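Some notes on the structure that comes next.
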Amino acid sequence: MNKNIIFEINDKYLNKYLFFILSITISLSIIKINILPISLPIDSYGYISFSDNLFNQGPWQSRPFGYPLFLKISRIFDFFGLTLVILFQIFFYILASCLIYISFKKYSNTIAFSFALIYSFTPAFQWININTLADGLYAFFPVFIIFYTFKFFEKKKMIDFFLIFLLALITSAFRPTYLVFFYIFISFNIFLFFKKKNKLSINLSFISKVVLSSIIMIFIFGNLNSKFSKNYGFHQLWIWNISTSLCGNDKCFNIKNGPHAKNYFETVIQIINKDKAFKKVLSSTYDYKDSPKIIDENLFNLDAEELIQKIHKSTNHTPFVHIYGFLVNNIGFEETHKIIRNLSIETLYNHPSIIFRNLQSIYDFNNFFNLELKNSSQHFKEGMYFAILPKPYDTLENQGMTHLEKIKPKEYAQIIYGLEKFTGNTVKDYNKNSEKFFDLYNKIDDYSFIKKKFNDDKNNAFLFLYFLAYLNLFFLIFFKFFILIIIPIFSLFYFFKTLVFGNYDILEYVYFLSLLIFYSIFLIIALVTPSDIDRQINLNLSILFPLIIIFCINMKKYLRI
């Protein structure tokens, strides 16, 4: 019995192709952890703080619970510091690369192997999985869902069915955008139910299980997240787009948009008249942290209606961050989110050009074929967080670095050791003088600076990071061709072919499921923060890969290669 199981595992999984993928991903991981220091972005301290108070979160907690829970488990032993966090993330990267091959090798061994290697070498993943942030897990978990989707429809085991939903919940717990999975999964399977010719046995019993499981997972997610994080998407849409966008020479959002805009202005004016601190904040100038500095008397002397009209001519997002905060403090999260949601939808309805303009910017030649690091939202500067390095001759409080008190001594020692080891004398010299962090940080995309630091300081980290950043731009162009041109055209053809001839199988199922999930997230991000689209593509590549692989499998079949 045991002998048969061993042979079965060997026949199914342990072949020379998989061994090669394992060898490559492990080798890349060893190289990476010996060149790049552990990256602890400023957001990481929020996740760490949340993990230390996992069951005592406040309503203003903006982060979902998934990554803090992961940090709670992987940081349980002080002795290891951040070592287990990084090792677990690298393990998931290696496993995801293998599952790409295992999921598709049945349909084309060559294509499955090739794209498993492309997945392994994708530069974004080399940085993401050594970065202590939710991206490190969110980038890989969708591959596990695809794997178990194939497994379920092949074996029809309910344990695989429930694992699909559990993994979708876990993925959503890292990035709430993945909640679209549950809504799409319900509507997608209901649509397929009415298309009777299929090999997947999608019947009423299956649909009822899908609906029930999705509702349960959405309920769990809703009750484990804070009031703020549950409505984070509309908050971001309001702060970064609706409140600041221009339609011609005027602001897109104004009181003429309709009743919801009017309700917003009336509510804000009432709160300004009632809350004197609110008026002082809105009448202030702000520092680089968006904190009020000095009151502008010309603004402060205006009445509430004149002040809010003046503020709303600004394209700076900072005042609207404070408006949101004071709205919540005075009328609560639910009422604030209702107002923000309604006025956002109303503004988009009145000015659909916002949507088309954001989408058009993605197709812009300079964005599409960008090979300038300074014009990319993926500079990879995030890989080097020198901001966390305090000067030894001043207090943490004076340097605005009290967030460092949230991490453990071993973790802090690992970060300092890594930065000093891999950047040669660069960080050591930085700590000895009064040079500001941004003087160093803003030169990381300047090759002459990188080359000089490599020659003078033996700075391996800067050079490796620069190489990854540039390589990533080439990979992004490759992926954008699929996202913006090839997949949309092919999907129309594929859909009508499936609709006319019917008889869809698991490949069509996975293709259109991945298509709906990826483009739902892609369009949401393009609408909310179009300037961040490169980063979002990198984060959602695991959802994109099944589309590209199935496209290539079909092309191979059509061309009879």
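Each chain in the structure tokens gets a letter, A, B, ..., in the order shown, and its residues are numbered from 1; ligands are numbered from 1 in order too.
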
Test item, helix (DSSP H, G or I) assignment across segment 171-340 of chain A, answer as a VMD selection string:
chain A and resid 171 to 174 176 to 193 204 to 224 227 to 230 232 to 242 255 to 257 259 to 274 276 to 282 297 to 300 304 to 311 318 to 331 333 to 340

Mind listing the strand (DSSP E) residues of segment 140-328 of chain A, per DSSP on the backbone, as a list in words?
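Here are the strand (DSSP E) residues of segment 140-328 of chain A: Leu246, Cys247, Asp250, Lys251, Ser284, Thr285, Tyr286, Pro292, Lys293, Ile294 and Ile295 of chain A.
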
What does the structure give for the distance between atom CA of Asp534 of chain A and atom CA of Ala173 of chain A, in Å to one decimal?
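One can read the atom CA of Asp534 of chain A to atom CA of Ala173 of chain A distance as 21.9 Å.
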
Using only C-alpha atoms, which of the listed residues (A:Tyr17, A:Phe174, A:Ile311, A:Ile146) sits closest to Phe70 of chain A?
A:Phe174

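Of the listed residues (A:Lys209, A:Lys557, A:Lys157, A:His322), A:His322 comes nearest to Ser291 of chain A; the distances count only C-alpha atoms.
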
Pick out the residues sitting within 10 Å of Pro409 of chain A, and hand them over as an MDAnalysis selection string; count only C-alpha atoms, and ignore anything fewer than 6 positions along from it in its own chain.
chainID A and resid 78:79 81

Students should find that atom CA of Lys274 of chain A and atom CA of Arg341 of chain A are spaced 23.8 Å

Tell me, in Å to one decimal, how far atom CA of Leu463 of chain A is from atom CA of Thr25 of chain A.
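Between atom CA of Leu463 of chain A and atom CA of Thr25 of chain A the gap works out to 21.0 Å.
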
For segment 513-521 of chain A, find every residue with an atom within 9 Å (counting only C-alpha atoms), except residues of its own chain fewer than 5 positions away, and show them as a VMD selection string.
chain A and resid 146 177 to 178 180 to 181 184 to 185 188 483 487 491 508 526 536 540 to 541 543 to 547

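Of the residues under consideration (A:Arg175, A:Lys72, A:Lys195, A:Lys230), A:Lys230 shows the shortest atom-to-atom contact distance to Glu334 of chain A when counting only C-alpha atoms.
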
Write out as a ChimeraX atom specification which residues come within 8 Å of Asn459 of chain A when counting only C-alpha atoms, dropping same-chain ones fewer than 3 positions away.
/A:422-426,453-456,462-463

Residue selection dump (C-alpha atoms) as an mmCIF file, in the first residue's frame:
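And here is the file that came out, again25.cif:
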```cif
data_model
loop_
_atom_site.group_PDB
_atom_site.id
_atom_site.type_symbol
_atom_site.label_atom_id
_atom_site.label_comp_id
_atom_site.auth_asym_id
_atom_site.auth_seq_id
_atom_site.Cartn_x
_atom_site.Cartn_y
_atom_site.Cartn_z
ATOM 1 C CA PHE A 422 25.128 44.231 2.064
ATOM 2 C CA THR A 423 25.568 47.990 1.535
ATOM 3 C CA GLY A 424 29.241 48.071 2.445
ATOM 4 C CA ASN A 425 30.207 51.431 3.921
ATOM 5 C CA THR A 426 27.152 53.303 2.593
ATOM 6 C CA LYS A 453 28.645 53.175 -4.345
ATOM 7 C CA PHE A 454 29.452 49.718 -5.689
ATOM 8 C CA ASN A 455 33.044 50.684 -6.478
ATOM 9 C CA ASP A 456 33.700 52.832 -3.406
ATOM 10 C CA PHE A 462 22.095 48.771 -4.321
ATOM 11 C CA LEU A 463 23.425 47.171 -7.509
#
```

Give the answer as one residue: which of A:Leu539, A:Ile548, A:Leu465, A:Ile159 has the shortest atom-to-atom distance to Tyr138 of chain A, using only C-alpha atoms?
A:Leu539

Residue nearest Phe522 of chain A among A:Leu200, A:Ile24, A:Ile362, A:Asp445 (counting only C-alpha atoms):
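Between A:Leu200, A:Ile24, A:Ile362, A:Asp445, the residue approaching Phe522 of chain A most closely is A:Ile362.
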
Name the residues in contact with Phe88 of chain A at a cut-off of 10 Å, using only C-alpha atoms, excluding same-chain residues fewer than 5 positions from it; report them as an MDAnalysis selection string.
chainID A and resid 70 74 83 93:94 129:130 136:137

Tell me which protein, DNA and RNA residues are within 12 Å of segment 496-501 of chain A, counting only C-alpha atoms, leaving out same-chain ones fewer than 5 positions away, and put them as a ChimeraX atom specification.
/A:191-192,194-198,489-491,507-509,511-512

Write a file of the selected residues as a short mmCIF file (atom, residue, chain, number, x, y, z; two decimals), in the first residue's frame, keeping N, CA and C atoms.
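The resulting file, again.cif, is shown below:
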```cif
data_model
loop_
_atom_site.label_atom_id
_atom_site.label_comp_id
_atom_site.auth_asym_id
_atom_site.auth_seq_id
_atom_site.Cartn_x
_atom_site.Cartn_y
_atom_site.Cartn_z
N PHE A 191 -24.27 31.28 -13.88
CA PHE A 191 -24.29 31.43 -15.34
C PHE A 191 -24.03 30.08 -16.02
N LEU A 192 -23.02 29.35 -15.53
CA LEU A 192 -22.67 28.08 -16.15
C LEU A 192 -23.74 27.01 -15.92
N PHE A 194 -26.87 27.34 -16.27
CA PHE A 194 -27.86 27.42 -17.35
C PHE A 194 -27.27 27.01 -18.71
N LYS A 195 -25.98 26.80 -18.72
CA LYS A 195 -25.34 26.31 -19.94
C LYS A 195 -25.13 24.82 -19.76
N LYS A 196 -26.11 24.04 -20.14
CA LYS A 196 -26.20 22.64 -19.74
C LYS A 196 -25.06 21.76 -20.23
N LYS A 197 -24.53 22.05 -21.43
CA LYS A 197 -23.49 21.18 -21.97
C LYS A 197 -22.16 21.47 -21.28
N ASN A 198 -21.80 20.61 -20.34
CA ASN A 198 -20.53 20.78 -19.67
C ASN A 198 -20.06 19.45 -19.11
N ILE A 489 -8.55 40.51 -26.48
CA ILE A 489 -8.95 40.07 -27.83
C ILE A 489 -9.23 38.57 -27.84
N PHE A 490 -8.32 37.80 -27.28
CA PHE A 490 -8.49 36.35 -27.26
C PHE A 490 -9.72 35.93 -26.47
N SER A 491 -10.00 36.64 -25.38
CA SER A 491 -11.13 36.28 -24.51
C SER A 491 -12.46 36.41 -25.24
N LEU A 507 -10.41 23.67 -18.29
CA LEU A 507 -9.55 24.76 -18.77
C LEU A 507 -10.35 26.03 -19.03
N GLU A 508 -11.50 25.88 -19.69
CA GLU A 508 -12.37 27.05 -19.91
C GLU A 508 -12.84 27.63 -18.58
N TYR A 509 -13.17 26.73 -17.66
CA TYR A 509 -13.66 27.14 -16.34
C TYR A 509 -12.61 27.99 -15.63
N TYR A 511 -10.00 29.46 -16.92
CA TYR A 511 -9.67 30.66 -17.70
C TYR A 511 -10.63 31.80 -17.39
N PHE A 512 -11.92 31.53 -17.50
CA PHE A 512 -12.89 32.61 -17.33
C PHE A 512 -13.05 33.02 -15.86
#
```

Among A:Phe333, A:Phe365, A:Phe121, A:Tyr558, Ser27 of chain A is approached most closely, using only C-alpha atoms, by A:Phe121
